[in-house]
$ cat start.cif   # mmCIF, N, CA, C and O atoms
data_input
loop_
_atom_site.label_atom_id
_atom_site.label_comp_id
_atom_site.auth_asym_id
_atom_site.auth_seq_id
_atom_site.Cartn_x
_atom_site.Cartn_y
_atom_site.Cartn_z
N MET R 22 0.80 -1.17 0.00
CA MET R 22 0.00 0.00 0.00
C MET R 22 0.85 1.24 0.00
O MET R 22 0.42 2.25 -0.50
N ARG R 23 2.07 1.16 0.48
CA ARG R 23 2.97 2.31 0.49
C ARG R 23 3.23 2.80 -0.93
O ARG R 23 3.03 3.96 -1.25
N ALA R 24 3.67 1.90 -1.79
CA ALA R 24 4.00 2.28 -3.16
C ALA R 24 2.77 2.77 -3.92
O ALA R 24 2.84 3.76 -4.65
N SER R 25 1.66 2.10 -3.74
CA SER R 25 0.42 2.51 -4.42
C SER R 25 -0.03 3.88 -3.95
O SER R 25 -0.47 4.71 -4.76
N GLY R 26 0.05 4.13 -2.66
CA GLY R 26 -0.34 5.42 -2.12
C GLY R 26 0.53 6.55 -2.64
O GLY R 26 0.03 7.60 -3.05
N LEU R 27 1.83 6.33 -2.64
CA LEU R 27 2.75 7.35 -3.13
C LEU R 27 2.56 7.59 -4.63
O LEU R 27 2.59 8.72 -5.11
N ASP R 28 2.32 6.51 -5.38
CA ASP R 28 2.09 6.62 -6.81
C ASP R 28 0.81 7.41 -7.09
O ASP R 28 0.79 8.27 -7.98
N ALA R 29 -0.24 7.14 -6.34
CA ALA R 29 -1.50 7.86 -6.53
C ALA R 29 -1.32 9.35 -6.24
O ALA R 29 -1.83 10.20 -6.98
N LEU R 30 -0.59 9.67 -5.18
CA LEU R 30 -0.31 11.08 -4.88
C LEU R 30 0.45 11.74 -6.02
O LEU R 30 0.15 12.88 -6.41
N GLU R 31 1.41 11.03 -6.55
CA GLU R 31 2.23 11.55 -7.63
C GLU R 31 1.38 11.87 -8.87
O GLU R 31 1.71 12.76 -9.64
N HIS R 32 0.29 11.15 -9.02
CA HIS R 32 -0.61 11.36 -10.15
C HIS R 32 -1.78 12.27 -9.81
O HIS R 32 -2.79 12.29 -10.51
N GLY R 33 -1.67 12.99 -8.71
CA GLY R 33 -2.66 14.00 -8.38
C GLY R 33 -3.92 13.51 -7.67
O GLY R 33 -4.89 14.25 -7.55
N GLN R 34 -3.90 12.27 -7.21
CA GLN R 34 -5.07 11.72 -6.52
C GLN R 34 -5.01 12.05 -5.03
O GLN R 34 -3.94 12.14 -4.45
N ARG R 35 -6.17 12.21 -4.44
CA ARG R 35 -6.25 12.30 -2.97
C ARG R 35 -6.25 10.87 -2.45
O ARG R 35 -6.96 10.01 -2.98
N VAL R 36 -5.48 10.63 -1.42
CA VAL R 36 -5.32 9.27 -0.90
C VAL R 36 -5.67 9.24 0.57
O VAL R 36 -5.26 10.11 1.34
N ARG R 37 -6.42 8.23 0.96
CA ARG R 37 -6.78 8.01 2.36
C ARG R 37 -6.49 6.54 2.67
O ARG R 37 -6.88 5.66 1.91
N VAL R 38 -5.82 6.29 3.78
CA VAL R 38 -5.54 4.92 4.22
C VAL R 38 -6.32 4.69 5.51
O VAL R 38 -6.21 5.46 6.46
N LEU R 39 -7.11 3.64 5.51
CA LEU R 39 -7.84 3.23 6.71
C LEU R 39 -6.92 2.31 7.50
O LEU R 39 -6.79 1.13 7.21
N THR R 40 -6.27 2.89 8.49
CA THR R 40 -5.18 2.20 9.17
C THR R 40 -5.61 0.95 9.93
O THR R 40 -4.80 0.06 10.15
N ASP R 41 -6.89 0.88 10.30
CA ASP R 41 -7.35 -0.32 11.00
C ASP R 41 -7.71 -1.45 10.03
O ASP R 41 -8.04 -2.56 10.47
N LEU R 42 -7.60 -1.19 8.73
CA LEU R 42 -7.93 -2.22 7.74
C LEU R 42 -6.72 -2.68 6.94
O LEU R 42 -6.87 -3.43 5.97
N VAL R 43 -5.53 -2.24 7.34
CA VAL R 43 -4.30 -2.69 6.69
C VAL R 43 -3.38 -3.26 7.75
O VAL R 43 -3.41 -2.86 8.90
N VAL R 44 -2.56 -4.21 7.33
CA VAL R 44 -1.59 -4.80 8.25
C VAL R 44 -0.37 -5.22 7.45
O VAL R 44 -0.48 -5.66 6.31
N GLY R 45 0.78 -5.01 8.03
CA GLY R 45 2.01 -5.43 7.39
C GLY R 45 2.62 -6.60 8.13
O GLY R 45 2.18 -6.96 9.22
N VAL R 46 3.64 -7.18 7.55
CA VAL R 46 4.31 -8.33 8.15
C VAL R 46 5.20 -7.88 9.31
O VAL R 46 5.23 -8.51 10.36
N ASP R 47 5.90 -6.77 9.12
CA ASP R 47 6.83 -6.26 10.14
C ASP R 47 6.25 -4.99 10.74
O ASP R 47 6.10 -3.98 10.04
N PRO R 48 5.91 -5.00 12.03
CA PRO R 48 5.29 -3.82 12.64
C PRO R 48 6.12 -2.54 12.52
O PRO R 48 5.57 -1.47 12.29
N ASP R 49 7.43 -2.65 12.64
CA ASP R 49 8.28 -1.45 12.53
C ASP R 49 8.27 -0.89 11.11
O ASP R 49 8.17 0.32 10.92
N ALA R 50 8.35 -1.77 10.12
CA ALA R 50 8.32 -1.33 8.73
C ALA R 50 6.95 -0.75 8.39
O ALA R 50 6.85 0.23 7.64
N SER R 51 5.90 -1.33 8.94
CA SER R 51 4.55 -0.83 8.70
C SER R 51 4.38 0.58 9.27
O SER R 51 3.83 1.46 8.61
N ALA R 52 4.87 0.78 10.48
CA ALA R 52 4.78 2.10 11.10
C ALA R 52 5.57 3.12 10.30
O ALA R 52 5.13 4.26 10.09
N ALA R 53 6.74 2.72 9.80
CA ALA R 53 7.56 3.62 8.99
C ALA R 53 6.86 3.96 7.68
O ALA R 53 6.89 5.12 7.23
N ALA R 54 6.21 2.98 7.06
CA ALA R 54 5.50 3.22 5.81
C ALA R 54 4.33 4.19 6.02
O ALA R 54 4.11 5.10 5.22
N LEU R 55 3.59 3.99 7.11
CA LEU R 55 2.47 4.90 7.40
C LEU R 55 2.98 6.31 7.68
O LEU R 55 2.38 7.29 7.24
N ALA R 56 4.08 6.42 8.38
CA ALA R 56 4.67 7.74 8.65
C ALA R 56 5.10 8.40 7.35
O ALA R 56 4.88 9.61 7.15
N GLU R 57 5.70 7.65 6.46
CA GLU R 57 6.13 8.19 5.17
C GLU R 57 4.92 8.66 4.35
O GLU R 57 4.96 9.73 3.74
N LEU R 58 3.88 7.86 4.35
CA LEU R 58 2.67 8.24 3.62
C LEU R 58 2.05 9.51 4.20
O LEU R 58 1.66 10.41 3.46
N ALA R 59 1.98 9.59 5.51
CA ALA R 59 1.41 10.78 6.16
C ALA R 59 2.25 12.00 5.82
O ALA R 59 1.70 13.07 5.50
N TYR R 60 3.56 11.88 5.86
CA TYR R 60 4.45 12.99 5.55
C TYR R 60 4.25 13.45 4.10
O TYR R 60 4.33 14.64 3.80
N ALA R 61 3.97 12.49 3.21
CA ALA R 61 3.78 12.81 1.80
C ALA R 61 2.43 13.45 1.52
O ALA R 61 2.22 14.00 0.44
N GLY R 62 1.50 13.34 2.48
CA GLY R 62 0.20 13.97 2.28
C GLY R 62 -0.98 13.03 2.28
O GLY R 62 -2.12 13.46 2.04
N VAL R 63 -0.76 11.78 2.56
CA VAL R 63 -1.85 10.82 2.64
C VAL R 63 -2.62 11.05 3.95
O VAL R 63 -2.01 11.27 4.99
N ALA R 64 -3.93 11.00 3.87
CA ALA R 64 -4.76 11.12 5.06
C ALA R 64 -4.86 9.75 5.72
O ALA R 64 -5.29 8.79 5.10
N LEU R 65 -4.43 9.66 6.97
CA LEU R 65 -4.55 8.42 7.73
C LEU R 65 -5.76 8.54 8.63
O LEU R 65 -5.91 9.50 9.38
N THR R 66 -6.63 7.55 8.55
CA THR R 66 -7.84 7.56 9.36
C THR R 66 -8.24 6.11 9.64
O THR R 66 -7.54 5.19 9.27
N THR R 67 -9.36 5.93 10.33
CA THR R 67 -9.87 4.58 10.60
C THR R 67 -11.24 4.44 9.94
O THR R 67 -11.89 5.44 9.61
N ALA R 68 -11.68 3.23 9.80
CA ALA R 68 -13.01 2.97 9.23
C ALA R 68 -14.08 3.60 10.09
O ALA R 68 -15.05 4.17 9.59
N ALA R 69 -13.92 3.54 11.40
CA ALA R 69 -14.92 4.13 12.31
C ALA R 69 -14.99 5.64 12.14
O ALA R 69 -16.09 6.22 12.11
N ASP R 70 -13.83 6.28 12.01
CA ASP R 70 -13.82 7.73 11.80
C ASP R 70 -14.47 8.10 10.47
O ASP R 70 -15.17 9.09 10.37
N LEU R 71 -14.23 7.29 9.46
CA LEU R 71 -14.81 7.54 8.15
C LEU R 71 -16.33 7.40 8.20
O LEU R 71 -17.04 8.18 7.59
N ALA R 72 -16.80 6.41 8.95
CA ALA R 72 -18.25 6.17 9.05
C ALA R 72 -18.97 7.30 9.75
O ALA R 72 -20.15 7.55 9.47
N THR R 73 -18.30 7.98 10.66
CA THR R 73 -18.96 9.06 11.40
C THR R 73 -18.73 10.43 10.79
O THR R 73 -19.26 11.41 11.27
N ALA R 74 -17.93 10.48 9.72
CA ALA R 74 -17.64 11.77 9.08
C ALA R 74 -18.76 12.23 8.19
O ALA R 74 -19.59 11.54 7.72
#
$ encode --input "start.cif" --output "structure tokens"
Amino acid sequence: MRASGLDALEHGQRVRVLTDLVVGVDPDASAAALAELAYAGVALTTAADLATA
């Protein structure tokens, strides 16, 4: 999801990652990927937050 998210941003798309619906193999690498995505401009949220928005 890291590469896809960054690619979508590069192509002018708004990107949102539902963090409670994704999981990586390595927790440290997953946290780093989410941090990189957030820094790049991806909106990090949860499914519950999206449902109440």
$ atom_distance --input "start.cif" --atom1 "atom O of R:Asp49" --atom2 "atom CA of R:Thr73"
28.5 Å
$ closest_residue --input "start.cif" --among "R:Leu42, R:Val36, R:Ala29, R:Ala54" --to "R:Ala68" --atoms "only C-alpha atoms"
R:Leu42
$ select_by_dssp --input "start.cif" --residues "chain R" --states "strand (DSSP E or B)" --output "mmCIF file with N, CA, C and O atoms, keeping the file's coordinate frame"
data_model
loop_
_atom_site.group_PDB
_atom_site.id
_atom_site.type_symbol
_atom_site.label_atom_id
_atom_site.label_comp_id
_atom_site.auth_asym_id
_atom_site.auth_seq_id
_atom_site.Cartn_x
_atom_site.Cartn_y
_atom_site.Cartn_z
ATOM 1 N N ARG R 37 -6.420 8.230 0.960
ATOM 2 C CA ARG R 37 -6.780 8.010 2.360
ATOM 3 C C ARG R 37 -6.490 6.540 2.670
ATOM 4 O O ARG R 37 -6.880 5.660 1.910
ATOM 5 N N VAL R 38 -5.820 6.290 3.780
ATOM 6 C CA VAL R 38 -5.540 4.920 4.220
ATOM 7 C C VAL R 38 -6.320 4.690 5.510
ATOM 8 O O VAL R 38 -6.210 5.460 6.460
ATOM 9 N N LEU R 39 -7.110 3.640 5.510
ATOM 10 C CA LEU R 39 -7.840 3.230 6.710
ATOM 11 C C LEU R 39 -6.920 2.310 7.500
ATOM 12 O O LEU R 39 -6.790 1.130 7.210
ATOM 13 N N ALA R 64 -3.930 11.000 3.870
ATOM 14 C CA ALA R 64 -4.760 11.120 5.060
ATOM 15 C C ALA R 64 -4.860 9.750 5.720
ATOM 16 O O ALA R 64 -5.290 8.790 5.100
ATOM 17 N N LEU R 65 -4.430 9.660 6.970
ATOM 18 C CA LEU R 65 -4.550 8.420 7.730
ATOM 19 C C LEU R 65 -5.760 8.540 8.630
ATOM 20 O O LEU R 65 -5.910 9.500 9.380
ATOM 21 N N THR R 66 -6.630 7.550 8.550
ATOM 22 C CA THR R 66 -7.840 7.560 9.360
ATOM 23 C C THR R 66 -8.240 6.110 9.640
ATOM 24 O O THR R 66 -7.540 5.190 9.270
#
$ closest_residue --input "start.cif" --among "R:Ala53, R:Asp47, R:Leu58, R:Leu39" --to "R:Ser25" --atoms "only C-alpha atoms"
R:Leu58
$ select_by_dssp --input "start.cif" --residues "stretch 22-57 of chain R" --states "alpha helix (DSSP H)" --output "ChimeraX atom specification"
/R:23-31,48-57
$ residues_around --input "start.cif" --residues "R:Leu65" --least-positions-apart "3" --cutoff "8 Å" --atoms "all atoms listed in the file" --output "ChimeraX atom specification"
/R:36-41,55,58-59,62
$ atom_distance --input "start.cif" --atom1 "atom CA of R:Gly33" --atom2 "atom N of R:Ala74"
23.9 Å
$ closest_residue --input "start.cif" --among "R:Ala50, R:Val43, R:Val63, R:Ala56" --to "R:Gly26" --atoms "all atoms listed in the file"
R:Val63
$ closest_residue --input "start.cif" --among "R:Arg35, R:Arg23, R:Val44, R:Ala72" --to "R:Glu57" --atoms "only N, CA, C and O atoms"
R:Arg23
$ atom_distance --input "start.cif" --atom1 "atom O of R:Asp28" --atom2 "atom N of R:Ala64"
13.0 Å
$ closest_residue --input "start.cif" --among "R:Ala61, R:Thr66, R:Val46, R:Leu71" --to "R:Glu31" --atoms "only N, CA, C and O atoms"
R:Ala61
$ axis_aligned_box --input "start.cif" --around "stretch 26-35 of chain R" --padding-each-side "5 Å" --output "lines of an AutoDock Vina configuration file"
center_x = -2.1
center_y = 9.2
center_z = -6.3
size_x = 19.7
size_y = 20.1
size_z = 18.4
$ build_atoms --input "start.cif" --residues "stretch 49-60 of chain R" --atoms "all heavy atoms" --output "PDB file, in the frame of the given file"
ATOM      1  N   ASP R  49       7.430  -2.650  12.640  1.00  0.00           N
ATOM      2  CA  ASP R  49       8.280  -1.450  12.530  1.00  0.00           C
ATOM      3  C   ASP R  49       8.270  -0.890  11.110  1.00  0.00           C
ATOM      4  O   ASP R  49       8.170   0.320  10.920  1.00  0.00           O
ATOM      5  CB  ASP R  49       9.713  -1.758  12.960  1.00  0.00           C
ATOM      6  CG  ASP R  49       9.823  -2.050  14.445  1.00  0.00           C
ATOM      7  OD1 ASP R  49       8.983  -1.554  15.222  1.00  0.00           O
ATOM      8  OD2 ASP R  49      10.760  -2.777  14.828  1.00  0.00           O
ATOM      9  N   ALA R  50       8.350  -1.770  10.120  1.00  0.00           N
ATOM     10  CA  ALA R  50       8.320  -1.330   8.730  1.00  0.00           C
ATOM     11  C   ALA R  50       6.950  -0.750   8.390  1.00  0.00           C
ATOM     12  O   ALA R  50       6.850   0.230   7.640  1.00  0.00           O
ATOM     13  CB  ALA R  50       8.669  -2.486   7.794  1.00  0.00           C
ATOM     14  N   SER R  51       5.900  -1.330   8.940  1.00  0.00           N
ATOM     15  CA  SER R  51       4.550  -0.830   8.700  1.00  0.00           C
ATOM     16  C   SER R  51       4.380   0.580   9.270  1.00  0.00           C
ATOM     17  O   SER R  51       3.830   1.460   8.610  1.00  0.00           O
ATOM     18  CB  SER R  51       3.516  -1.770   9.317  1.00  0.00           C
ATOM     19  OG  SER R  51       3.572  -3.026   8.703  1.00  0.00           O
ATOM     20  N   ALA R  52       4.870   0.780  10.480  1.00  0.00           N
ATOM     21  CA  ALA R  52       4.780   2.100  11.100  1.00  0.00           C
ATOM     22  C   ALA R  52       5.570   3.120  10.300  1.00  0.00           C
ATOM     23  O   ALA R  52       5.130   4.260  10.090  1.00  0.00           O
ATOM     24  CB  ALA R  52       5.289   2.040  12.536  1.00  0.00           C
ATOM     25  N   ALA R  53       6.740   2.720   9.800  1.00  0.00           N
ATOM     26  CA  ALA R  53       7.560   3.620   8.990  1.00  0.00           C
ATOM     27  C   ALA R  53       6.860   3.960   7.680  1.00  0.00           C
ATOM     28  O   ALA R  53       6.890   5.120   7.230  1.00  0.00           O
ATOM     29  CB  ALA R  53       8.928   2.999   8.718  1.00  0.00           C
ATOM     30  N   ALA R  54       6.210   2.980   7.060  1.00  0.00           N
ATOM     31  CA  ALA R  54       5.500   3.220   5.810  1.00  0.00           C
ATOM     32  C   ALA R  54       4.330   4.190   6.020  1.00  0.00           C
ATOM     33  O   ALA R  54       4.110   5.100   5.220  1.00  0.00           O
ATOM     34  CB  ALA R  54       5.003   1.909   5.218  1.00  0.00           C
ATOM     35  N   LEU R  55       3.590   3.990   7.110  1.00  0.00           N
ATOM     36  CA  LEU R  55       2.470   4.900   7.400  1.00  0.00           C
ATOM     37  C   LEU R  55       2.980   6.310   7.680  1.00  0.00           C
ATOM     38  O   LEU R  55       2.380   7.290   7.240  1.00  0.00           O
ATOM     39  CB  LEU R  55       1.644   4.369   8.570  1.00  0.00           C
ATOM     40  CG  LEU R  55       0.804   3.131   8.274  1.00  0.00           C
ATOM     41  CD1 LEU R  55       0.174   2.602   9.552  1.00  0.00           C
ATOM     42  CD2 LEU R  55      -0.256   3.425   7.227  1.00  0.00           C
ATOM     43  N   ALA R  56       4.080   6.420   8.380  1.00  0.00           N
ATOM     44  CA  ALA R  56       4.670   7.740   8.650  1.00  0.00           C
ATOM     45  C   ALA R  56       5.100   8.400   7.350  1.00  0.00           C
ATOM     46  O   ALA R  56       4.880   9.610   7.150  1.00  0.00           O
ATOM     47  CB  ALA R  56       5.841   7.609   9.620  1.00  0.00           C
ATOM     48  N   GLU R  57       5.700   7.650   6.460  1.00  0.00           N
ATOM     49  CA  GLU R  57       6.130   8.190   5.170  1.00  0.00           C
ATOM     50  C   GLU R  57       4.920   8.660   4.350  1.00  0.00           C
ATOM     51  O   GLU R  57       4.960   9.730   3.740  1.00  0.00           O
ATOM     52  CB  GLU R  57       6.917   7.135   4.384  1.00  0.00           C
ATOM     53  CG  GLU R  57       7.408   7.620   3.048  1.00  0.00           C
ATOM     54  CD  GLU R  57       8.179   6.578   2.274  1.00  0.00           C
ATOM     55  OE1 GLU R  57       8.362   5.445   2.754  1.00  0.00           O
ATOM     56  OE2 GLU R  57       8.600   6.909   1.154  1.00  0.00           O
ATOM     57  N   LEU R  58       3.880   7.860   4.350  1.00  0.00           N
ATOM     58  CA  LEU R  58       2.670   8.240   3.620  1.00  0.00           C
ATOM     59  C   LEU R  58       2.050   9.510   4.200  1.00  0.00           C
ATOM     60  O   LEU R  58       1.660  10.410   3.460  1.00  0.00           O
ATOM     61  CB  LEU R  58       1.651   7.092   3.658  1.00  0.00           C
ATOM     62  CG  LEU R  58       2.002   5.889   2.789  1.00  0.00           C
ATOM     63  CD1 LEU R  58       1.124   4.703   3.154  1.00  0.00           C
ATOM     64  CD2 LEU R  58       1.868   6.228   1.311  1.00  0.00           C
ATOM     65  N   ALA R  59       1.980   9.590   5.510  1.00  0.00           N
ATOM     66  CA  ALA R  59       1.410  10.780   6.160  1.00  0.00           C
ATOM     67  C   ALA R  59       2.250  12.000   5.820  1.00  0.00           C
ATOM     68  O   ALA R  59       1.700  13.070   5.500  1.00  0.00           O
ATOM     69  CB  ALA R  59       1.318  10.571   7.667  1.00  0.00           C
ATOM     70  N   TYR R  60       3.560  11.880   5.860  1.00  0.00           N
ATOM     71  CA  TYR R  60       4.450  12.990   5.550  1.00  0.00           C
ATOM     72  C   TYR R  60       4.250  13.450   4.100  1.00  0.00           C
ATOM     73  O   TYR R  60       4.330  14.640   3.800  1.00  0.00           O
ATOM     74  CB  TYR R  60       5.898  12.579   5.791  1.00  0.00           C
ATOM     75  CG  TYR R  60       6.885  13.685   5.546  1.00  0.00           C
ATOM     76  CD1 TYR R  60       7.056  14.693   6.488  1.00  0.00           C
ATOM     77  CD2 TYR R  60       7.629  13.732   4.378  1.00  0.00           C
ATOM     78  CE1 TYR R  60       7.964  15.733   6.269  1.00  0.00           C
ATOM     79  CE2 TYR R  60       8.531  14.765   4.141  1.00  0.00           C
ATOM     80  CZ  TYR R  60       8.688  15.758   5.095  1.00  0.00           C
ATOM     81  OH  TYR R  60       9.574  16.782   4.863  1.00  0.00           O
TER      82      TYR R  60
END
